[in-house]
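Student: Pasting entry.cif here (mmCIF, C-alpha atoms and all ligand atoms):
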data_target
loop_
_atom_site.label_atom_id
_atom_site.label_comp_id
_atom_site.auth_asym_id
_atom_site.auth_seq_id
_atom_site.Cartn_x
_atom_site.Cartn_y
_atom_site.Cartn_z
CA MET A 664 -1.25 -31.42 47.69
CA LEU A 665 -1.99 -28.13 49.50
CA SER A 666 0.37 -26.23 47.21
CA GLN A 667 -1.32 -27.82 44.15
CA LEU A 668 -4.72 -26.70 45.45
CA LYS A 669 -3.40 -23.19 46.13
CA HIS A 670 -1.95 -23.06 42.61
CA PHE A 671 -5.26 -24.25 41.12
CA LEU A 672 -7.28 -21.63 43.03
CA ASN A 673 -4.84 -18.86 42.19
CA THR A 674 -4.92 -19.79 38.49
CA LYS A 675 -8.72 -19.80 38.56
CA ARG A 676 -8.82 -16.41 40.29
CA ILE A 677 -6.52 -14.79 37.73
CA LYS A 678 -8.38 -16.29 34.77
CA ASN A 679 -11.75 -15.18 36.19
CA ARG A 680 -10.59 -11.64 36.93
CA ILE A 681 -9.88 -10.90 33.27
CA ARG A 682 -13.27 -10.91 31.53
CA SER A 683 -12.83 -8.03 29.08
CA ILE A 684 -10.10 -5.87 27.62
CA GLU A 685 -11.15 -3.14 30.11
CA ASN A 686 -10.11 -5.46 33.00
CA CYS A 687 -6.57 -5.61 31.60
CA SER A 688 -3.89 -3.39 33.09
CA THR A 689 -0.72 -5.24 32.04
CA LEU A 690 0.71 -6.96 28.96
CA LEU A 691 0.28 -10.32 30.71
CA ASP A 692 -3.43 -9.55 31.29
CA VAL A 693 -3.81 -8.85 27.55
CA ALA A 694 -2.17 -12.19 26.70
CA ILE A 695 -4.49 -13.99 29.16
CA PHE A 696 -7.54 -12.18 27.79
CA LYS A 697 -6.66 -13.10 24.20
CA ILE A 698 -6.09 -16.78 25.00
CA LYS A 699 -9.45 -16.97 26.82
CA ASN A 700 -11.49 -14.78 24.51
CA GLU A 701 -10.20 -16.18 21.21
CA LYS A 702 -9.94 -19.73 22.63
CA LEU A 703 -6.35 -19.91 21.37
CA ASN A 704 -4.51 -23.21 21.62
CA GLY A 705 -1.20 -21.43 21.07
CA LEU A 706 0.10 -17.88 21.36
CA ASN A 707 2.70 -16.32 19.06
CA PHE A 708 4.20 -13.32 20.81
CA LEU A 709 6.54 -10.82 19.14
CA GLU A 710 8.51 -8.31 21.20
CA ILE A 711 10.35 -5.28 19.80
CA GLY A 712 13.04 -4.48 22.37
CA VAL A 713 14.15 -7.62 24.21
CA PHE A 714 16.80 -5.97 26.39
CA LYS A 715 17.88 -8.62 28.96
CA GLY A 716 15.07 -11.04 28.04
CA ASP A 717 13.33 -10.77 31.42
CA ASN A 718 9.97 -9.70 30.01
CA ALA A 719 10.04 -12.65 27.58
CA VAL A 720 10.72 -15.10 30.43
CA TYR A 721 8.07 -13.47 32.66
CA ILE A 722 5.33 -13.74 30.00
CA TYR A 723 6.40 -17.26 29.04
CA GLU A 724 6.46 -18.62 32.60
CA ASN A 725 3.16 -17.04 33.60
CA ILE A 726 1.28 -18.19 30.51
CA HIS A 727 2.63 -21.70 31.06
CA GLN A 728 1.44 -21.73 34.66
CA LEU A 729 -2.04 -20.64 33.60
CA PHE A 730 -2.64 -22.48 30.32
CA ASN A 731 -1.57 -25.72 28.76
CA ILE A 732 -0.80 -24.18 25.37
CA ARG A 733 2.17 -23.72 23.05
CA LEU A 734 3.81 -20.30 23.27
CA LYS A 735 6.23 -19.05 20.65
CA TYR A 736 8.39 -15.95 21.13
CA PHE A 737 10.02 -13.71 18.49
CA GLY A 738 12.37 -11.07 19.92
CA PHE A 739 13.88 -8.16 17.96
CA ASP A 740 16.72 -6.08 19.36
CA ILE A 741 19.96 -4.41 18.44
CA PHE A 742 21.59 -6.53 21.21
CA ASP A 743 25.41 -6.11 21.15
CA ASP A 744 25.44 -3.38 18.48
CA ILE A 745 25.12 -0.51 20.94
CA HIS A 746 27.47 1.52 18.69
CA LEU A 747 24.50 1.74 16.28
CA LEU A 748 22.41 3.39 19.00
CA LYS A 749 25.29 5.75 19.67
CA GLU A 750 25.59 6.68 15.98
CA LYS A 751 21.95 6.76 14.94
CA TYR A 752 19.84 7.33 18.07
CA PRO A 753 22.06 9.03 20.68
CA LYS A 754 19.06 10.59 22.46
CA ASP A 755 17.62 7.13 23.04
CA LEU A 756 20.92 5.83 24.37
CA ASP A 757 20.92 8.72 26.87
CA GLN A 758 18.01 6.99 28.68
CA TYR A 759 20.28 4.08 29.72
CA ASN A 760 23.26 3.70 32.06
CA LEU A 761 21.81 6.22 34.55
CA ALA A 762 22.75 5.87 38.21
CA ASP A 763 19.09 6.20 39.31
CA TYR A 764 17.93 3.21 37.20
CA PRO A 765 20.56 0.47 37.67
CA TYR A 766 18.58 -2.22 35.81
CA TRP A 767 18.60 -0.23 32.55
CA GLU A 768 22.30 -0.49 31.77
CA PHE A 769 24.35 -1.82 28.88
CA ASN A 770 27.63 -2.22 30.78
CA SER A 771 27.18 -5.67 32.34
CA GLY A 772 26.74 -7.50 29.01
CA GLN A 773 23.41 -9.01 30.11
CA HIS A 774 21.73 -7.50 27.01
CA THR A 775 24.04 -9.24 24.51
CA PHE A 776 22.63 -11.78 22.05
CA ASN A 777 24.51 -14.71 23.62
CA MET A 778 23.52 -13.88 27.19
CA VAL A 779 19.86 -13.34 26.29
CA HIS A 780 19.82 -16.50 24.18
CA LYS A 781 21.22 -18.45 27.14
CA LYS A 782 18.62 -16.98 29.51
CA LEU A 783 15.71 -17.79 27.21
CA ALA A 784 17.04 -21.28 26.43
CA SER A 785 16.98 -22.11 30.16
CA THR A 786 13.17 -21.61 30.15
CA ILE A 787 11.94 -21.94 26.57
CA ALA A 788 12.57 -24.87 24.19
CA PRO A 789 14.84 -23.75 21.30
CA GLU A 790 12.15 -24.41 18.67
CA ASN A 791 9.82 -22.04 20.54
CA PHE A 792 11.87 -18.86 20.40
CA LYS A 793 13.77 -16.83 17.86
CA LEU A 794 15.95 -13.76 18.45
CA ILE A 795 16.54 -11.37 15.55
CA LYS A 796 19.48 -8.99 15.88
CA GLY A 797 19.67 -5.55 14.24
CA ASP A 798 18.04 -2.17 13.87
CA THR A 799 14.29 -2.75 13.61
CA THR A 800 14.00 -0.15 10.84
CA GLU A 801 15.83 -2.85 8.82
CA THR A 802 14.91 -6.17 10.45
CA LEU A 803 11.14 -5.57 10.43
CA LYS A 804 10.99 -4.71 6.73
CA ASN A 805 8.68 -7.19 4.94
CA ILE A 806 7.99 -8.87 8.28
CA GLU A 807 4.64 -10.17 7.01
CA GLN A 808 6.47 -12.13 4.28
CA GLU A 809 9.49 -13.14 6.36
CA LEU A 810 7.61 -14.64 9.31
CA LYS A 811 6.29 -18.07 8.65
CA GLU A 812 3.87 -17.77 11.60
CA THR A 813 0.73 -15.82 12.37
CA ILE A 814 1.42 -13.38 15.20
CA ASP A 815 -1.23 -12.91 17.92
CA LEU A 816 0.37 -10.32 20.18
CA VAL A 817 3.06 -7.67 19.62
CA PHE A 818 4.78 -5.57 22.27
CA ILE A 819 6.46 -2.44 20.86
CA ASP A 820 9.12 -1.44 23.38
CA GLY A 821 12.24 -0.64 21.34
CA CYS A 822 13.70 2.70 20.35
CA HIS A 823 11.65 5.71 21.53
CA GLU A 824 12.59 8.11 18.73
CA TYR A 825 9.65 9.01 16.50
CA GLU A 826 11.19 7.85 13.19
CA VAL A 827 11.82 4.38 14.69
CA VAL A 828 8.52 3.99 16.61
CA LYS A 829 6.67 5.08 13.44
CA SER A 830 8.67 2.63 11.31
CA ASP A 831 8.08 -0.18 13.85
CA TRP A 832 4.34 0.52 13.76
CA GLU A 833 4.20 0.75 9.94
CA ASN A 834 6.00 -2.60 9.56
CA ILE A 835 4.04 -4.33 12.33
CA SER A 836 0.68 -3.03 11.08
CA ASN A 837 1.19 -5.17 7.95
CA LEU A 838 0.66 -8.20 10.21
CA PHE A 839 -3.04 -7.25 10.52
CA LYS A 840 -3.39 -8.42 6.88
CA ILE A 841 -2.49 -11.94 8.05
CA ASN A 842 -4.26 -11.85 11.41
CA PRO A 843 -7.01 -9.20 11.75
CA LYS A 844 -7.30 -10.22 15.44
CA LEU A 845 -3.72 -9.13 16.13
CA THR A 846 -3.27 -7.03 19.28
CA VAL A 847 -0.42 -4.52 19.50
CA VAL A 848 0.64 -3.13 22.87
CA PHE A 849 2.84 -0.04 22.99
CA ASP A 850 5.05 0.77 25.96
CA ASP A 851 6.32 4.18 27.08
CA PHE A 852 3.41 6.42 26.06
CA THR A 853 5.06 9.27 27.97
CA TYR A 854 7.83 9.49 25.34
CA GLU A 855 7.13 12.05 22.61
CA GLY A 856 7.97 9.59 19.80
CA VAL A 857 5.45 7.06 21.13
CA LYS A 858 2.77 9.71 21.83
CA ASN A 859 3.13 11.10 18.27
CA THR A 860 2.82 7.59 16.82
CA HIS A 861 -0.31 7.06 18.96
CA ASP A 862 -1.84 10.24 17.49
CA LYS A 863 -0.97 9.18 13.92
CA ILE A 864 -2.61 5.76 14.46
CA LEU A 865 -5.73 7.43 15.88
CA GLU A 866 -5.92 9.83 12.91
CA THR A 867 -6.21 6.98 10.39
CA GLY A 868 -9.59 6.00 11.84
CA PHE A 869 -8.87 2.29 11.17
CA TYR A 870 -7.90 1.25 14.70
CA LEU A 871 -9.34 1.04 18.19
CA ILE A 872 -7.03 2.33 20.90
CA ASN A 873 -7.49 1.44 24.60
CA ARG A 874 -5.29 2.77 27.39
CA LEU A 875 -3.88 -0.17 29.36
CA ASN A 876 -2.39 1.99 32.12
CA ASN A 877 -0.61 5.37 32.40
CA ASN A 878 2.30 4.17 30.31
CA GLN A 879 0.87 1.67 27.81
CA PHE A 880 -1.88 1.45 25.20
CA ILE A 881 -3.42 -1.30 23.06
CA VAL A 882 -4.18 -1.14 19.33
CA THR A 883 -6.62 -3.44 17.53
CA LEU A 884 -8.32 -3.25 14.14
CA LYS A 885 -11.83 -1.67 14.19
C1 LIG A 901 13.18 -0.52 27.02
S1 LIG A 901 14.25 -1.75 26.40
C2 LIG A 901 13.17 -3.13 26.20
C3 LIG A 901 12.69 -3.68 27.49
C4 LIG A 901 12.00 -5.00 27.41
N1 LIG A 901 10.89 -4.98 26.48
C5 LIG A 901 11.49 -5.36 28.79
O1 LIG A 901 10.30 -5.16 29.07
O2 LIG A 901 12.33 -5.82 29.59
C6 LIG A 901 14.47 -1.22 24.76
C7 LIG A 901 15.35 -2.11 23.92
O3 LIG A 901 15.24 -1.65 22.57
C8 LIG A 901 16.48 -1.86 21.93
N2 LIG A 901 16.55 -0.93 20.78
C9 LIG A 901 16.64 0.41 20.81
N3 LIG A 901 16.64 0.90 19.55
C10 LIG A 901 16.55 -0.16 18.71
C11 LIG A 901 16.51 -0.29 17.31
N4 LIG A 901 16.53 0.77 16.49
N5 LIG A 901 16.43 -1.55 16.80
C12 LIG A 901 16.40 -2.63 17.61
N6 LIG A 901 16.43 -2.55 18.95
C13 LIG A 901 16.50 -1.33 19.50
C14 LIG A 901 17.53 -1.59 23.00
O4 LIG A 901 18.71 -2.30 22.70
C15 LIG A 901 16.81 -2.11 24.27
O5 LIG A 901 17.24 -3.40 24.57
#
Could you take the file, read its structure, and then write that structure out as structure tokens?
Ligand SMILES: C[S@@+](CC[C@H](N)C(=O)[O-])C[C@H]1O[C@@H](n2cnc3c(N)ncnc32)[C@H](O)[C@@H]1O

Tutor:
Amino acid sequence: MLSQLKHFLNTKRIKNRIRSIENCSTLLDVAIFKIKNEKLNGLNFLEIGVFKGDNAVYIYENIHQLFNIRLKYFGFDIFDDIHLLKEKYPKDLDQYNLADYPYWEFNSGQHTFNMVHKKLASTIAPENFKLIKGDTTETLKNIEQELKETIDLVFIDGCHEYEVVKSDWENISNLFKINPKLTVVFDDFTYEGVKNTHDKILETGFYLINRLNNNQFIVTLK
């Protein structure tokens, strides 16, 4: 009973804290803000760069604790095909398998499609998630026609090379045609490829950009 009360009060505190987009400092905050502000009874979340699936599980579990709504997850990653990173984006691959950052490694196999699928399936019902394997410069082409769902929130956290970040943005920005309330969060602003894409988006004059924190920014339609 006491733990239920604690949970209730904690949930209330978190929901009350996030009153505007300016109060948000994490991706989870943005998801909470959207659900509250747009009175959503479901959230469709698309992530570019799934890696080991931990961010997907984190967002899913937290949203479920806070709201009684349906959450659907679409995850895009190269998964097992690390040889593609080696061939096409070697500079990006150089950011992984470093002794100083043990979590960001491809040697354990935890990033493979089967392992990630298993991890997600232990938390999320199979009909509520979909993993799409391949280079996003290919798999996101015509995304607005391929997806049978309206997407509410996108997290761009895949390859950091400019040509890929730019391509990810160009493909994802087509989703605004279907849902003008779409929110796109970019990770890794400190990378040149992401920073250059940020500047390109700003130059168009069509979008509002808010900094979420030192490393992430949010894009919405003006
Ligand atoms: C930084 S990790 C993603 C981290 C994850 N979003 C999280 O918060 O835990 C980047 C991921 O992007 C994937 N990736 C890199 N280049 C890609 C490409 N061109 N197409 C698809 N996935 C790519 C990598 O395999 C890696 O899993």

Student: Taking (5.7, -6.3, 14.9) in the file's own coordinates, collect the residues within 8 Å, counting all atoms listed in the file, and hand them back as a list in words.

Tutor: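 Counting all atoms listed in the file, I find these residues within 8 Å of (5.7, -6.3, 14.9): Leu709, Glu710, Ile711, Leu803, Ile806, Val817, Phe818, Ile819, Asp831, Trp832, Asn834, Ile835, Ser836, Leu838 and Val847 of chain A.
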
Student: Counting only C-alpha atoms and all ligand atoms, figure out which residue out of A:Leu761, A:Met778, A:Ile741, A:Ile872 gets nearest to ligand LIG 901 (chain A).

Tutor: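 Under the stated criterion, the closest residue is A:Ile741.
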
Student: May I have the residues within 9 Å of Phe708 (chain A) as a PDB file with C-alpha atoms, in the frame of the given file, using all atoms listed in the file and disregarding those fewer than 2 positions away in the same chain?

Tutor:
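Result written to part-v8.pdb:
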ATOM      1  CA  ALA A 694      -2.170 -12.190  26.700  1.00  0.00           C
ATOM      2  CA  LEU A 706       0.100 -17.880  21.360  1.00  0.00           C
ATOM      3  CA  GLU A 710       8.510  -8.310  21.200  1.00  0.00           C
ATOM      4  CA  ALA A 719      10.040 -12.650  27.580  1.00  0.00           C
ATOM      5  CA  LEU A 734       3.810 -20.300  23.270  1.00  0.00           C
ATOM      6  CA  LYS A 735       6.230 -19.050  20.650  1.00  0.00           C
ATOM      7  CA  TYR A 736       8.390 -15.950  21.130  1.00  0.00           C
ATOM      8  CA  PHE A 737      10.020 -13.710  18.490  1.00  0.00           C
ATOM      9  CA  GLY A 738      12.370 -11.070  19.920  1.00  0.00           C
ATOM     10  CA  ILE A 814       1.420 -13.380  15.200  1.00  0.00           C
ATOM     11  CA  ASP A 815      -1.230 -12.910  17.920  1.00  0.00           C
ATOM     12  CA  LEU A 816       0.370 -10.320  20.180  1.00  0.00           C
ATOM     13  CA  VAL A 817       3.060  -7.670  19.620  1.00  0.00           C
ATOM     14  CA  PHE A 818       4.780  -5.570  22.270  1.00  0.00           C
TER      15      PHE A 818
END

Student: Using only C-alpha atoms and all ligand atoms, pick whichever of A:Leu672, A:Leu884, A:Ile841, A:Leu690 has the shortest atom-to-atom distance to ligand LIG 901 (chain A).

Tutor: A:Leu690

Student: Could you please extract the residues within 6 Å of ligand LIG 901 (chain A), counting all atoms listed in the file, and hand them back as a list in words?

Tutor: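 My answer, listing the contacting residues, is Gly712, Val713, Phe714, Asp717, Asn718, Asp740, Ile741, Phe742, Gly797, Asp798, Thr799, Asp820, Gly821 and Cys822 of chain A.
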
Student: When you look at Gly716 (chain A) with a cut-off of 12 Å (counting all atoms listed in the file), what residues show up, excluding the ones that are within fewer than 4 positions of it in the same chain? I need them as a PyMOL selection string.

Tutor: chain A and resi 710-712+720-723+736-740+742+773-787+792-794

Student: I need the chosen residues saved as a compact mmCIF listing (two decimals), keeping the file's coordinate frame, with C-alpha atoms.

Tutor:
# COMPACT_ATOMS: atom_id res chain seq x y z
CA GLU A 710 8.51 -8.31 21.20
CA ILE A 711 10.35 -5.28 19.80
CA GLY A 712 13.04 -4.48 22.37
CA VAL A 720 10.72 -15.10 30.43
CA TYR A 721 8.07 -13.47 32.66
CA ILE A 722 5.33 -13.74 30.00
CA TYR A 723 6.40 -17.26 29.04
CA TYR A 736 8.39 -15.95 21.13
CA PHE A 737 10.02 -13.71 18.49
CA GLY A 738 12.37 -11.07 19.92
CA PHE A 739 13.88 -8.16 17.96
CA ASP A 740 16.72 -6.08 19.36
CA PHE A 742 21.59 -6.53 21.21
CA GLN A 773 23.41 -9.01 30.11
CA HIS A 774 21.73 -7.50 27.01
CA THR A 775 24.04 -9.24 24.51
CA PHE A 776 22.63 -11.78 22.05
CA ASN A 777 24.51 -14.71 23.62
CA MET A 778 23.52 -13.88 27.19
CA VAL A 779 19.86 -13.34 26.29
CA HIS A 780 19.82 -16.50 24.18
CA LYS A 781 21.22 -18.45 27.14
CA LYS A 782 18.62 -16.98 29.51
CA LEU A 783 15.71 -17.79 27.21
CA ALA A 784 17.04 -21.28 26.43
CA SER A 785 16.98 -22.11 30.16
CA THR A 786 13.17 -21.61 30.15
CA ILE A 787 11.94 -21.94 26.57
CA PHE A 792 11.87 -18.86 20.40
CA LYS A 793 13.77 -16.83 17.86
CA LEU A 794 15.95 -13.76 18.45

Student: Got a sec: who's within 12 Å of region 824-827 of chain A, counting only C-alpha atoms, leaving out chain neighbours fewer than 4 positions off, as a compact mmCIF listing (two decimals) with C-alpha atoms, in the coordinates of the input?

Tutor:
# COMPACT_ATOMS: atom_id res chain seq x y z
CA ILE A 711 10.35 -5.28 19.80
CA GLY A 712 13.04 -4.48 22.37
CA LEU A 748 22.41 3.39 19.00
CA LYS A 751 21.95 6.76 14.94
CA TYR A 752 19.84 7.33 18.07
CA PRO A 753 22.06 9.03 20.68
CA LYS A 754 19.06 10.59 22.46
CA ASP A 755 17.62 7.13 23.04
CA LEU A 756 20.92 5.83 24.37
CA ASP A 757 20.92 8.72 26.87
CA GLN A 758 18.01 6.99 28.68
CA ASP A 798 18.04 -2.17 13.87
CA THR A 799 14.29 -2.75 13.61
CA THR A 800 14.00 -0.15 10.84
CA GLU A 801 15.83 -2.85 8.82
CA THR A 802 14.91 -6.17 10.45
CA LEU A 803 11.14 -5.57 10.43
CA ILE A 819 6.46 -2.44 20.86
CA ASP A 820 9.12 -1.44 23.38
CA ASP A 831 8.08 -0.18 13.85
CA TRP A 832 4.34 0.52 13.76
CA GLU A 833 4.20 0.75 9.94
CA ASN A 834 6.00 -2.60 9.56
CA ILE A 835 4.04 -4.33 12.33
CA ASP A 851 6.32 4.18 27.08
CA PHE A 852 3.41 6.42 26.06
CA THR A 853 5.06 9.27 27.97
CA TYR A 854 7.83 9.49 25.34
CA GLU A 855 7.13 12.05 22.61
CA GLY A 856 7.97 9.59 19.80
CA VAL A 857 5.45 7.06 21.13
CA LYS A 858 2.77 9.71 21.83
CA ASN A 859 3.13 11.10 18.27
CA THR A 860 2.82 7.59 16.82
CA HIS A 861 -0.31 7.06 18.96
CA ASP A 862 -1.84 10.24 17.49
CA LYS A 863 -0.97 9.18 13.92

Student: Find, counting only C-alpha atoms, the residue in A:Cys687, A:Lys796, A:Ser666, A:Asp744 that gets nearest to Ile881 (chain A).

Tutor: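 Checking each of A:Cys687, A:Lys796, A:Ser666, A:Asp744 against Ile881 (chain A), counting only C-alpha atoms, the winner is A:Cys687.
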
Student: Extract, using only C-alpha atoms, all DNA, RNA and protein residues at most 6 Å from Phe880 (chain A), discarding same-chain residues fewer than 4 positions from it, and format them as an NGL selection string.

Tutor: :A and (848-849 or 873-875)

Student: CA of Asp692 (chain A) and CA of Arg676 (chain A), how far apart in Å?

Tutor: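 Calculated distance between CA of Arg676 (chain A) and CA of Asp692 (chain A) is 12.5 Å.
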
Student: State, in Å with one decimal place, the distance from CA of Ser688 (chain A) to CA of Glu724 (chain A).

Tutor: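 Rounded to one decimal, the two atoms are 18.4 Å apart.
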
Student: Pick out the closest residue to Arg733 (chain A) from this set: A:Asn791, A:Val693, A:Phe839, A:Ser771. Count only C-alpha atoms.

Tutor: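 Among the listed residues, A:Asn791 lies closest to Arg733 (chain A).
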
Student: Take CA of Leu668 (chain A) and CA of Arg680 (chain A) and report the distance between them in Å, one decimal.

Tutor: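 Computing the Euclidean distance for CA of Leu668 (chain A) and CA of Arg680 (chain A) yields 18.3 Å.
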
Student: Just checking: using all atoms listed in the file, which residue out of A:Pro843, A:Gly868, A:Gly705, A:Pro789 ends up closest to Ile726 (chain A)?

Tutor: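 The closest residue to Ile726 (chain A) is A:Gly705.
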
Student: Just checking: using all atoms listed in the file, which residue out of A:Asn700, A:Asn878, A:Thr883, A:Gln728 ends up closest to Asn842 (chain A)?

Tutor: A:Thr883
